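The structure file data.tsv is reproduced below (TSV, C-alpha atoms).
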chain	number	residue	atom	x	y	z
A	10	MET	CA	109.11	23.77	-67.67
A	11	ARG	CA	111.58	26.39	-66.54
A	12	ARG	CA	114.85	25.23	-64.98
A	13	ALA	CA	116.06	26.54	-61.64
A	14	PRO	CA	118.60	29.34	-62.24
A	15	GLY	CA	121.47	27.49	-60.56
A	16	THR	CA	121.03	24.19	-62.45
A	17	SER	CA	122.89	25.20	-65.58
A	18	ARG	CA	125.74	26.71	-63.55
A	19	ASN	CA	126.00	23.55	-61.44
A	20	ARG	CA	126.17	21.39	-64.57
A	21	ARG	CA	128.98	23.51	-65.93
A	22	LEU	CA	130.79	23.33	-62.62
A	23	PHE	CA	130.53	19.53	-62.57
A	24	GLY	CA	131.67	19.49	-66.19
A	25	TRP	CA	134.79	21.47	-65.36
A	26	LEU	CA	135.41	19.24	-62.35
A	27	GLY	CA	135.22	16.21	-64.64
A	28	TRP	CA	137.74	17.69	-67.05
A	29	ALA	CA	140.01	18.60	-64.13
A	30	LEU	CA	139.87	14.93	-63.06
A	31	VAL	CA	140.84	13.82	-66.57
A	32	ALA	CA	143.76	16.27	-66.58
A	33	THR	CA	144.85	15.04	-63.13
A	34	ALA	CA	144.71	11.42	-64.34
A	35	LEU	CA	146.88	12.32	-67.34
A	36	ALA	CA	149.37	14.12	-65.09
A	37	ALA	CA	149.47	11.11	-62.73
A	38	LEU	CA	150.14	8.81	-65.68
A	39	GLY	CA	152.97	11.10	-66.78
A	40	TRP	CA	154.43	11.10	-63.29
A	41	LEU	CA	154.35	7.27	-63.18
A	42	TRP	CA	155.95	7.13	-66.61
A	43	HIS	CA	158.71	9.53	-65.51
A	44	LEU	CA	159.44	7.46	-62.37
A	45	ASP	CA	159.55	4.26	-64.41
A	46	ARG	CA	161.84	5.70	-67.09
A	47	ALA	CA	164.16	7.45	-64.61
A	48	ARG	CA	164.68	4.31	-62.52
A	49	VAL	CA	168.04	2.59	-62.97
A	50	TRP	CA	167.28	-1.06	-63.77
A	51	GLN	CA	169.79	-3.86	-63.27
A	52	THR	CA	171.37	-5.50	-66.29
A	53	PRO	CA	170.09	-9.07	-66.75
A	54	GLY	CA	172.57	-11.81	-65.94
A	55	LEU	CA	172.78	-15.58	-65.70
A	56	GLY	CA	173.43	-17.14	-62.32
A	57	ALA	CA	172.23	-16.25	-58.80
A	58	PRO	CA	169.62	-15.22	-57.82
A	59	LEU	CA	168.19	-17.17	-60.79
A	60	VAL	CA	167.82	-20.89	-60.08
A	61	LEU	CA	169.15	-23.34	-62.66
A	62	VAL	CA	166.45	-26.04	-62.99
A	63	ARG	CA	167.96	-27.93	-65.92
A	64	ALA	CA	171.53	-27.48	-67.09
A	65	ALA	CA	172.65	-27.71	-70.70
A	66	THR	CA	175.38	-30.10	-71.68
A	67	ALA	CA	178.73	-28.44	-72.18
A	68	ASP	CA	179.27	-27.57	-75.82
A	69	SER	CA	180.87	-24.96	-78.01
A	70	SER	CA	177.79	-22.75	-78.24
A	71	ALA	CA	178.27	-19.18	-79.33
A	72	GLY	CA	175.78	-18.03	-76.73
A	73	THR	CA	172.51	-18.65	-74.99
A	74	TRP	CA	169.10	-17.28	-75.86
A	75	LEU	CA	166.52	-17.50	-73.09
A	76	VAL	CA	162.82	-17.09	-73.85
A	77	ALA	CA	160.94	-15.44	-70.96
A	78	VAL	CA	158.14	-17.91	-70.29
A	79	ASN	CA	155.19	-17.92	-67.95
A	80	PRO	CA	154.00	-21.56	-67.89
A	81	ASP	CA	150.36	-20.39	-67.81
A	82	CYS	CA	150.79	-18.38	-71.01
A	83	PRO	CA	150.21	-20.44	-74.19
A	84	HIS	CA	151.68	-17.67	-76.39
A	85	CYS	CA	155.02	-17.92	-74.52
A	86	LEU	CA	155.13	-21.66	-75.07
A	87	GLN	CA	154.36	-21.16	-78.76
A	88	ALA	CA	157.12	-18.53	-79.04
A	89	LEU	CA	159.58	-20.96	-77.44
A	90	ALA	CA	158.45	-23.79	-79.74
A	91	ARG	CA	158.85	-21.59	-82.83
A	92	LEU	CA	162.32	-20.48	-81.79
A	93	THR	CA	163.41	-24.03	-81.02
A	94	ALA	CA	162.06	-25.25	-84.37
A	95	ARG	CA	164.11	-22.62	-86.19
A	96	ARG	CA	167.29	-23.66	-84.40
A	97	ARG	CA	170.13	-21.25	-85.11
A	98	ASP	CA	173.67	-22.50	-85.52
A	99	GLY	CA	175.86	-21.98	-82.52
A	100	VAL	CA	173.14	-20.61	-80.25
A	101	ARG	CA	171.64	-22.55	-77.37
A	102	ILE	CA	167.90	-21.98	-76.93
A	103	GLY	CA	166.70	-22.15	-73.34
A	104	ALA	CA	163.92	-20.72	-71.22
A	105	LEU	CA	163.57	-18.47	-68.19
A	106	ILE	CA	160.47	-19.20	-66.12
A	107	VAL	CA	159.11	-15.85	-64.92
A	108	ASP	CA	156.25	-14.62	-62.72
A	109	THR	CA	156.03	-18.05	-61.09
A	110	PRO	CA	156.55	-17.85	-57.31
A	111	ARG	CA	156.41	-21.63	-56.74
A	112	PRO	CA	159.12	-23.97	-58.04
A	113	PRO	CA	158.16	-25.40	-61.45
A	114	GLY	CA	156.33	-28.73	-61.12
A	115	PRO	CA	156.63	-31.87	-63.25
A	116	ALA	CA	153.98	-30.65	-65.73
A	117	THR	CA	155.92	-27.41	-66.34
A	118	LEU	CA	159.20	-29.28	-66.71
A	119	ALA	CA	157.57	-31.65	-69.19
A	120	ALA	CA	156.17	-28.73	-71.20
A	121	LEU	CA	159.55	-26.97	-71.31
A	122	ARG	CA	161.93	-29.51	-72.79
A	123	VAL	CA	164.75	-27.10	-73.45
A	124	ALA	CA	168.07	-26.70	-71.72
A	125	PRO	CA	169.21	-24.60	-70.00
A	126	LEU	CA	166.06	-23.95	-68.01
A	127	TRP	CA	166.24	-21.19	-65.43
A	128	TRP	CA	163.65	-20.22	-62.81
A	129	ASP	CA	163.34	-16.59	-61.73
A	130	ALA	CA	162.41	-17.42	-58.14
A	131	HIS	CA	162.49	-13.86	-56.77
A	132	GLY	CA	160.87	-11.93	-59.62
A	133	ASP	CA	164.11	-10.25	-60.74
A	134	TRP	CA	163.03	-10.27	-64.38
A	135	ARG	CA	160.12	-7.96	-63.61
A	136	TRP	CA	161.17	-6.01	-60.51
A	137	ARG	CA	164.96	-5.60	-60.91
A	138	TRP	CA	165.53	-5.86	-64.67
A	139	GLY	CA	162.31	-3.99	-65.53
A	140	HIS	CA	161.18	-6.43	-68.23
A	141	ARG	CA	157.46	-7.05	-68.73
A	142	VAL	CA	156.71	-8.78	-72.04
A	143	TYR	CA	156.40	-12.57	-72.07
A	144	GLY	CA	157.96	-14.41	-74.98
A	145	GLU	CA	160.86	-11.96	-75.39
A	146	VAL	CA	164.33	-13.42	-75.96
A	147	LEU	CA	167.23	-12.50	-73.67
A	148	CYS	CA	170.55	-13.00	-75.44
A	149	PHE	CA	173.74	-13.88	-73.53
A	150	ASP	CA	177.27	-14.50	-74.78
A	151	PRO	CA	179.13	-17.79	-74.11
A	152	ARG	CA	180.37	-16.42	-70.75
A	153	GLY	CA	176.82	-15.61	-69.65
A	154	ARG	CA	177.10	-11.86	-70.16
A	155	TYR	CA	173.96	-10.08	-71.25
A	156	LEU	CA	174.02	-8.81	-74.83
A	157	ARG	CA	170.49	-7.59	-75.65
A	158	THR	CA	166.81	-8.47	-75.63
A	159	ARG	CA	165.00	-9.16	-78.87
A	160	LEU	CA	161.53	-10.10	-80.01
A	161	ALA	CA	160.70	-13.77	-80.41
A	162	ASP	CA	159.92	-13.54	-84.13
B	16	MET	CA	111.73	37.81	-93.19
B	17	ASP	CA	112.09	38.40	-96.94
B	18	SER	CA	111.41	35.68	-99.50
B	19	SER	CA	115.09	34.76	-100.17
B	20	ALA	CA	115.86	34.35	-96.45
B	21	ALA	CA	112.75	32.19	-96.03
B	22	ALA	CA	113.78	30.02	-98.97
B	23	LEU	CA	117.29	29.69	-97.50
B	24	SER	CA	116.04	28.64	-94.07
B	25	ALA	CA	113.69	26.12	-95.70
B	26	ARG	CA	116.66	24.59	-97.53
B	27	VAL	CA	118.96	24.36	-94.52
B	28	VAL	CA	116.99	21.65	-92.73
B	29	PRO	CA	116.70	19.31	-95.74
B	30	ASP	CA	120.46	19.80	-96.37
B	31	GLU	CA	121.21	18.75	-92.80
B	32	ARG	CA	118.92	15.76	-93.12
B	33	ARG	CA	120.52	14.77	-96.40
B	34	MET	CA	123.95	14.97	-94.86
B	35	HIS	CA	122.83	12.91	-91.86
B	36	ARG	CA	121.33	10.25	-94.14
B	37	MET	CA	124.56	10.09	-96.10
B	38	ASN	CA	126.52	9.76	-92.85
B	39	VAL	CA	124.26	6.88	-91.75
B	40	PHE	CA	124.92	5.17	-95.08
B	41	LEU	CA	128.69	5.77	-94.87
B	42	SER	CA	128.81	4.62	-91.24
B	43	LEU	CA	127.16	1.32	-92.24
B	44	ILE	CA	129.78	0.89	-94.95
B	45	ALA	CA	132.49	1.71	-92.39
B	46	LEU	CA	131.19	-0.87	-89.91
B	47	ALA	CA	130.96	-3.53	-92.63
B	48	SER	CA	134.47	-2.66	-93.75
B	49	TRP	CA	135.90	-2.93	-90.22
B	50	TRP	CA	134.11	-6.26	-89.77
B	51	GLU	CA	135.62	-7.57	-92.99
B	52	MET	CA	139.08	-6.45	-91.90
B	53	GLY	CA	138.70	-8.12	-88.49
B	54	TYR	CA	137.57	-11.34	-90.13
B	55	ARG	CA	140.47	-11.30	-92.60
B	56	GLN	CA	143.08	-10.54	-89.93
B	57	GLY	CA	141.69	-13.38	-87.81
B	58	SER	CA	142.00	-15.74	-90.79
B	59	ASP	CA	145.59	-14.61	-91.39
B	60	LEU	CA	146.57	-15.28	-87.78
B	61	GLY	CA	145.42	-18.88	-87.90
B	62	ALA	CA	142.76	-21.04	-89.38
B	63	GLY	CA	139.85	-20.65	-86.99
B	64	GLN	CA	136.24	-21.72	-87.44
B	65	HIS	CA	134.08	-19.33	-89.42
B	66	LEU	CA	131.80	-18.76	-86.44
B	67	ASN	CA	134.71	-17.90	-84.10
B	68	LEU	CA	136.19	-15.51	-86.66
B	69	ALA	CA	132.80	-13.87	-87.16
B	70	VAL	CA	132.35	-13.44	-83.41
B	71	ALA	CA	135.87	-11.98	-83.06
B	72	ALA	CA	135.25	-9.57	-85.94
B	73	THR	CA	131.93	-8.52	-84.40
B	74	ILE	CA	133.61	-7.85	-81.06
B	75	MET	CA	136.23	-5.74	-82.87
B	76	VAL	CA	133.47	-3.69	-84.55
B	77	LEU	CA	131.67	-3.23	-81.23
B	78	ALA	CA	134.93	-2.08	-79.59
B	79	ARG	CA	135.44	0.44	-82.38
B	80	LEU	CA	131.85	1.63	-82.02
B	81	ALA	CA	132.35	2.01	-78.27
B	82	ALA	CA	135.53	4.03	-78.86
B	83	SER	CA	133.65	6.36	-81.21
B	84	ALA	CA	130.81	6.64	-78.68
B	85	VAL	CA	133.26	7.68	-75.96
B	86	GLU	CA	134.96	10.16	-78.30
B	87	ALA	CA	131.61	11.71	-79.29
B	88	LEU	CA	130.52	11.84	-75.65
B	89	ALA	CA	133.74	13.59	-74.62
B	90	TYR	CA	133.25	16.32	-77.26
B	91	ALA	CA	129.53	16.67	-76.45
B	92	LEU	CA	130.31	17.05	-72.75
B	93	TRP	CA	133.07	19.52	-73.49
B	94	TRP	CA	130.74	21.75	-75.51
B	95	ARG	CA	128.05	21.39	-72.85
B	96	THR	CA	130.61	22.74	-70.36
B	97	ARG	CA	131.19	25.67	-72.72
B	98	GLY	CA	127.46	26.36	-72.91
B	99	ALA	CA	126.88	24.92	-76.40
B	100	ARG	CA	124.88	21.88	-77.51
B	101	LEU	CA	126.39	19.29	-79.84
B	102	PRO	CA	123.75	16.78	-81.09
B	103	TYR	CA	125.26	13.52	-79.78
B	104	ALA	CA	123.65	10.89	-82.02
B	105	ARG	CA	124.29	12.77	-85.26
B	106	PHE	CA	127.86	13.53	-84.27
B	107	LEU	CA	128.45	9.87	-83.35
B	108	VAL	CA	127.14	8.66	-86.71
B	109	ALA	CA	129.40	11.18	-88.48
B	110	LEU	CA	132.43	10.00	-86.47
B	111	VAL	CA	131.76	6.37	-87.39
B	112	ALA	CA	131.46	7.40	-91.04
B	113	LEU	CA	134.71	9.32	-90.68
B	114	SER	CA	136.47	6.14	-89.53
B	115	LEU	CA	136.49	5.20	-93.23
B	116	LEU	CA	139.56	7.45	-93.44
B	117	ASP	CA	141.34	5.27	-90.84
B	118	ARG	CA	140.25	2.21	-92.79
B	119	PHE	CA	141.68	3.72	-95.97
B	120	ALA	CA	144.98	4.36	-94.14
B	121	GLN	CA	145.01	0.69	-93.08
B	122	SER	CA	144.49	-0.40	-96.67
B	123	LEU	CA	147.36	1.81	-97.84
B	124	ALA	CA	149.59	0.33	-95.10
B	125	THR	CA	148.71	-3.19	-96.26
B	126	PHE	CA	149.49	-2.20	-99.83
B	127	ALA	CA	152.83	-0.67	-98.76
B	128	ALA	CA	153.73	-3.93	-96.98
B	129	ARG	CA	153.20	-5.78	-100.26
B	130	VAL	CA	154.97	-3.21	-102.44
B	131	PRO	CA	157.83	-1.73	-100.35
B	132	ALA	CA	158.93	0.56	-103.20
B	133	VAL	CA	155.89	2.80	-102.69
B	134	THR	CA	156.33	3.11	-98.91
B	135	PRO	CA	158.16	6.50	-98.92
B	136	TRP	CA	155.36	7.92	-101.07
B	137	LEU	CA	152.52	6.51	-99.01
B	138	ALA	CA	153.97	7.28	-95.54
B	139	PRO	CA	153.09	11.01	-95.57
B	140	VAL	CA	149.50	10.05	-96.40
B	141	ALA	CA	148.86	6.83	-94.46
B	142	GLY	CA	151.12	7.48	-91.46
B	143	LEU	CA	154.77	7.64	-90.47
B	144	GLN	CA	154.62	4.08	-89.09
B	145	LEU	CA	155.24	2.84	-92.64
B	146	LEU	CA	158.82	4.08	-92.20
B	147	LYS	CA	159.31	2.24	-88.91
B	148	ASP	CA	161.70	-0.35	-90.33
B	149	ARG	CA	163.82	2.40	-91.93
B	150	LEU	CA	164.16	4.36	-88.66
B	151	PRO	CA	165.06	1.71	-86.07
B	152	GLY	CA	166.37	4.16	-83.45
B	153	ALA	CA	163.02	5.64	-82.42
B	154	GLU	CA	161.24	4.52	-79.24
B	155	PRO	CA	158.56	1.84	-79.83
B	156	GLY	CA	156.11	3.67	-77.56
B	157	LEU	CA	156.43	6.79	-79.70
B	158	TRP	CA	155.77	4.75	-82.84
B	159	ALA	CA	152.67	3.23	-81.27
B	160	ALA	CA	151.36	6.65	-80.28
B	161	PHE	CA	152.29	8.89	-83.20
B	162	GLY	CA	152.91	6.38	-86.01
B	163	SER	CA	149.46	7.02	-87.48
B	164	LEU	CA	150.25	10.69	-88.09
B	165	GLY	CA	149.78	11.48	-91.76
B	166	LEU	CA	147.59	13.50	-94.10
B	167	LEU	CA	144.63	11.17	-93.56
B	168	THR	CA	144.86	11.66	-89.78
B	169	LEU	CA	145.10	15.42	-90.23
B	170	ALA	CA	142.03	15.30	-92.50
B	171	ARG	CA	140.16	13.29	-89.89
B	172	LEU	CA	141.03	15.85	-87.21
B	173	ALA	CA	139.98	18.76	-89.43
B	174	ILE	CA	136.65	17.15	-90.34
B	175	THR	CA	135.97	16.23	-86.69
B	176	ALA	CA	136.52	19.89	-85.80
B	177	TRP	CA	134.32	21.06	-88.66
B	178	LEU	CA	131.51	18.72	-87.53
B	179	GLN	CA	131.68	20.25	-84.06
B	180	SER	CA	131.70	23.74	-85.51
B	181	ALA	CA	128.64	22.96	-87.64
B	182	GLY	CA	126.88	21.19	-84.75
B	183	THR	CA	127.44	23.89	-82.16
B	184	GLY	CA	127.37	26.94	-84.42
B	185	ARG	CA	130.77	28.03	-83.08
B	186	ARG	CA	133.60	29.30	-85.25
B	187	LEU	CA	136.02	26.65	-86.53
B	188	ARG	CA	139.05	27.87	-84.55
B	189	GLY	CA	137.79	26.67	-81.14
B	190	PRO	CA	136.75	23.16	-82.25
B	191	LEU	CA	140.03	22.80	-84.16
B	192	LEU	CA	142.03	23.64	-81.04
B	193	VAL	CA	139.96	21.29	-78.85
B	194	THR	CA	140.22	18.42	-81.35
B	195	THR	CA	143.98	18.84	-81.77
B	196	LEU	CA	144.55	19.00	-78.00
B	197	ALA	CA	142.33	15.95	-77.43
B	198	TRP	CA	144.23	13.99	-80.08
B	199	LEU	CA	147.59	15.02	-78.61
B	200	ALA	CA	146.49	14.15	-75.06
B	201	THR	CA	145.22	10.70	-76.06
B	202	ARG	CA	148.39	10.01	-78.07
B	203	VAL	CA	150.65	11.03	-75.19
B	204	ALA	CA	148.57	8.88	-72.82
B	205	LEU	CA	148.94	5.95	-75.23
B	206	TRP	CA	152.73	6.54	-75.45
B	207	TRP	CA	153.13	6.54	-71.65
B	208	THR	CA	150.83	3.53	-71.22
B	209	MET	CA	152.73	1.49	-73.81
B	210	ASP	CA	156.03	2.37	-72.13
B	211	LEU	CA	154.66	1.38	-68.71
B	212	LEU	CA	153.35	-1.91	-70.08
B	213	ARG	CA	156.60	-2.90	-71.77
B	214	GLY	CA	159.17	-1.57	-69.28
B	215	MET	CA	162.62	-2.44	-70.64
B	216	SER	CA	161.21	-5.11	-72.97
B	217	PRO	CA	161.30	-4.47	-76.70
B	218	LEU	CA	158.10	-3.92	-78.68
B	219	ARG	CA	157.24	-4.81	-82.24
Would you mind giving the structure from this file in C-alpha cells?
Amino acid sequence: MRRAPGTSRNRRLFGWLGWALVATALAALGWLWHLDRARVWQTPGLGAPLVLVRAATADSSAGTWLVAVNPDCPHCLQALARLTARRRDGVRIGALIVDTPRPPGPATLAALRVAPLWWDAHGDWRWRWGHRVYGEVLCFDPRGRYLRTRLAD
Amino acid sequence: MDSSAAALSARVVPDERRMHRMNVFLSLIALASWWEMGYRQGSDLGAGQHLNLAVAATIMVLARLAASAVEALAYALWWRTRGARLPYARFLVALVALSLLDRFAQSLATFAARVPAVTPWLAPVAGLQLLKDRLPGAEPGLWAAFGSLGLLTLARLAITAWLQSAGTGRRLRGPLLVTTLAWLATRVALWWTMDLLRGMSPLR
C-alpha cells in the first residue's frame, strides 16, 4: 500500500517537535539548577526557630552532632542508632526532627531516646538551610555554632 | 551482477545473522551477570531471604533492560527523524550485550576497592570515580554524573555509534556525534538532578 505523500513529512515534523520538547526539558532543568545553586541559603544554627523538645544535661562536651531525622524514615532511625552506638568522645549525639509539621508525639519521643532533641517546626532545614538528605549529621561547636555537615557513616 | 558481487551479497546476510545470534547470546550472559551482581549486593547490604534477594535482583535487571529499551528507542526515533531506519529489536539486543562493558567496569571497581594499590592504574579504564577519595574537593554531583568516564565508557560509546552506523547505513561520523551528545546530555541532566535532590546536603 502506498503512503500519502504528507505522512512521512508529518512524522518527521512530530519527531523534531519531540526532540525540541526534550531539549526544552533539559534547559528547564538547567534553569532550576541555576536558581537553586545561586540562592543564598542560611547557615544552620541551634536555637529559635528550632524548638528544643528534650534538652541535654550540661556537660563538658566538645560539640553537638545532630542527625536529621524524619520519624517515618527507618533509614534515618538506623543512621541515628549506628552513630549513637559508635559514641565518640567529647561529642554529644542528638537528633533534629525534620519534615514533620506536627509536634512529635509520644511514639516519636520514645523512638528517639537521644538528647538534645530538636524539632524543626517551620521547615527551616529544607527551605532556609537548603538541606535535603535525611540521616545527614549537622555538626555544631560547644557554643552552638555550625561547623559542617557530614554523612552519617 | 557479476559472480563475486553475488557471492558477497549472499554472505552479508548470514554475517548479520551470525552477529545477531552472538549478540543474543552475549545479552543473555549480560542479564545473568547483572542479576548475579544485584543478588550479591543485596546479600552484602543485609541478610535477606533468598526469595526477596532474587526478586530484588530481578527488578534490577528489568530496570536495566528498560533503560536499554529507552536508549534504543531514542536512537531509533532520532534516525527516523533523519529519514533512516534503525532496526529496533536488533539494536536493543546489541545494547544489552554491550552492557557487559559496564559490568566489567563494575568488576574492576570492586577489585580496586579490595586492592587500593592498583586504583591509579585502573581508573583510566574503569572510570575516574575510583579516584574520588583522592580528590575530595570535586562536587559530588559531578562525580555521580561523570565518574564513570574511562576507556570502557569511551569504547561503549564508540561501539554504540558503530552499531547505529551499521544499522542505518550512514557514515560513522554522524552516529558518533549523536551518541556523544546524547551521553553528554544525559550526564549533565544527571548532574543537575543529583544537585537538586541533595541541595546543600553532602553526598557519598
List as JSON lines every residue of chain A that is in contact with chain B, defined as an atom at most 8 Å from one of its atoms (using all atoms listed in the file), together with the nearest atom pair and the distance in Å rounded to one decimal, sorted by chain and then rising number.
{"residue": "A:Arg20", "atom": "CA", "partner": "B:Thr96", "partner_atom": "CA", "distance": 7.4}
{"residue": "A:Arg21", "atom": "CA", "partner": "B:Thr96", "partner_atom": "CA", "distance": 4.8}
{"residue": "A:Leu22", "atom": "CA", "partner": "B:Thr96", "partner_atom": "CA", "distance": 7.8}
{"residue": "A:Gly24", "atom": "CA", "partner": "B:Thr96", "partner_atom": "CA", "distance": 5.4}
{"residue": "A:Trp25", "atom": "CA", "partner": "B:Thr96", "partner_atom": "CA", "distance": 6.6}
{"residue": "A:Leu35", "atom": "CA", "partner": "B:Ala204", "partner_atom": "CA", "distance": 6.7}
{"residue": "A:Leu38", "atom": "CA", "partner": "B:Trp207", "partner_atom": "CA", "distance": 7.1}
{"residue": "A:Gly39", "atom": "CA", "partner": "B:Trp207", "partner_atom": "CA", "distance": 6.7}
{"residue": "A:Trp42", "atom": "CA", "partner": "B:Trp207", "partner_atom": "CA", "distance": 5.8}
{"residue": "A:Asp45", "atom": "CA", "partner": "B:Leu211", "partner_atom": "CA", "distance": 7.1}
{"residue": "A:Trp138", "atom": "CA", "partner": "B:Met215", "partner_atom": "CA", "distance": 7.5}
{"residue": "A:Gly139", "atom": "CA", "partner": "B:Met215", "partner_atom": "CA", "distance": 5.3}
{"residue": "A:His140", "atom": "CA", "partner": "B:Met215", "partner_atom": "CA", "distance": 4.9}
{"residue": "A:Arg141", "atom": "CA", "partner": "B:Arg213", "partner_atom": "CA", "distance": 5.2}
{"residue": "A:Val142", "atom": "CA", "partner": "B:Ser216", "partner_atom": "CA", "distance": 5.9}
{"residue": "A:Glu145", "atom": "CA", "partner": "B:Ser216", "partner_atom": "CA", "distance": 7.3}
{"residue": "A:Thr158", "atom": "CA", "partner": "B:Pro217", "partner_atom": "CA", "distance": 6.9}
{"residue": "A:Arg159", "atom": "CA", "partner": "B:Pro217", "partner_atom": "CA", "distance": 6.4}
{"residue": "A:Leu160", "atom": "CA", "partner": "B:Pro217", "partner_atom": "CA", "distance": 6.5}
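You will find CA of Ser163 (chain B) at 7.0 Å from CA of Ala141 (chain B).
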- Task: Please tell me which residues are no farther than 7 Å from (151.0, 6.4, -93.3) in the file, counting only C-alpha atoms, and write them as a list in words.
- Result: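 Using only C-alpha atoms, the matching residues come out as Ala120, Ala124, Leu137, Ala138, Pro139, Val140, Ala141, Gly142, Leu143, Gln144, Leu145, Ser163, Leu164 and Gly165 of chain B.
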- Message: Could you list, as number ranges by chain, every residue within 12 Å of Ala81 (chain B), counting all atoms listed in the file and ignoring same-chain residues fewer than 5 positions away?
- Response: B: 74-76, 86-88, 107-108, 110-111
- Which neighbours of Thr66 (chain A) fall inside 12 Å, counting all atoms listed in the file, when residues of the same chain fewer than 3 positions from it are skipped, and could you give them as a list in words?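 Contacts, with the query itself left out: Arg63, Ser69, Ser70, Arg101, Gly103, Val123, Ala124, Pro125 and Leu126 of chain A.
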- Item | Within 6 Å of region 46-56 of chain A using only C-alpha atoms, minus same-chain residues under 6 positions, as a list in words |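 Returned residues: Arg137, Trp138, Gly153 and Tyr155 of chain A.
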- Any idea what's packed within 10 Å of Tyr143 (chain A), counting all atoms listed in the file, ignoring anything in its chain fewer than 2 positions away? Could you give it as a VMD selection string? (chain A and resid 76 to 79 82 84 to 86 88 106 to 108 140 to 141 145 to 146 160 to 161) or (chain B and resid 213 216)
- For Asp133 (chain A), which of A:Pro110, A:Gly99, A:Ala71, A:Asp81 is the closest residue, counting all atoms listed in the file?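 Using all atoms listed in the file, the shortest distance to Asp133 (chain A) belongs to A:Pro110.
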- Have a look at A:Pro151, A:Pro58, A:Pro80, A:Gly144 and name the one nearest to Leu121 (chain A); count all atoms listed in the file. A:Pro80
- Query: How far is it from CA of Gly184 (chain B) to CA of Ala99 (chain B), in Å with one decimal?
  - Reply: 8.3 Å
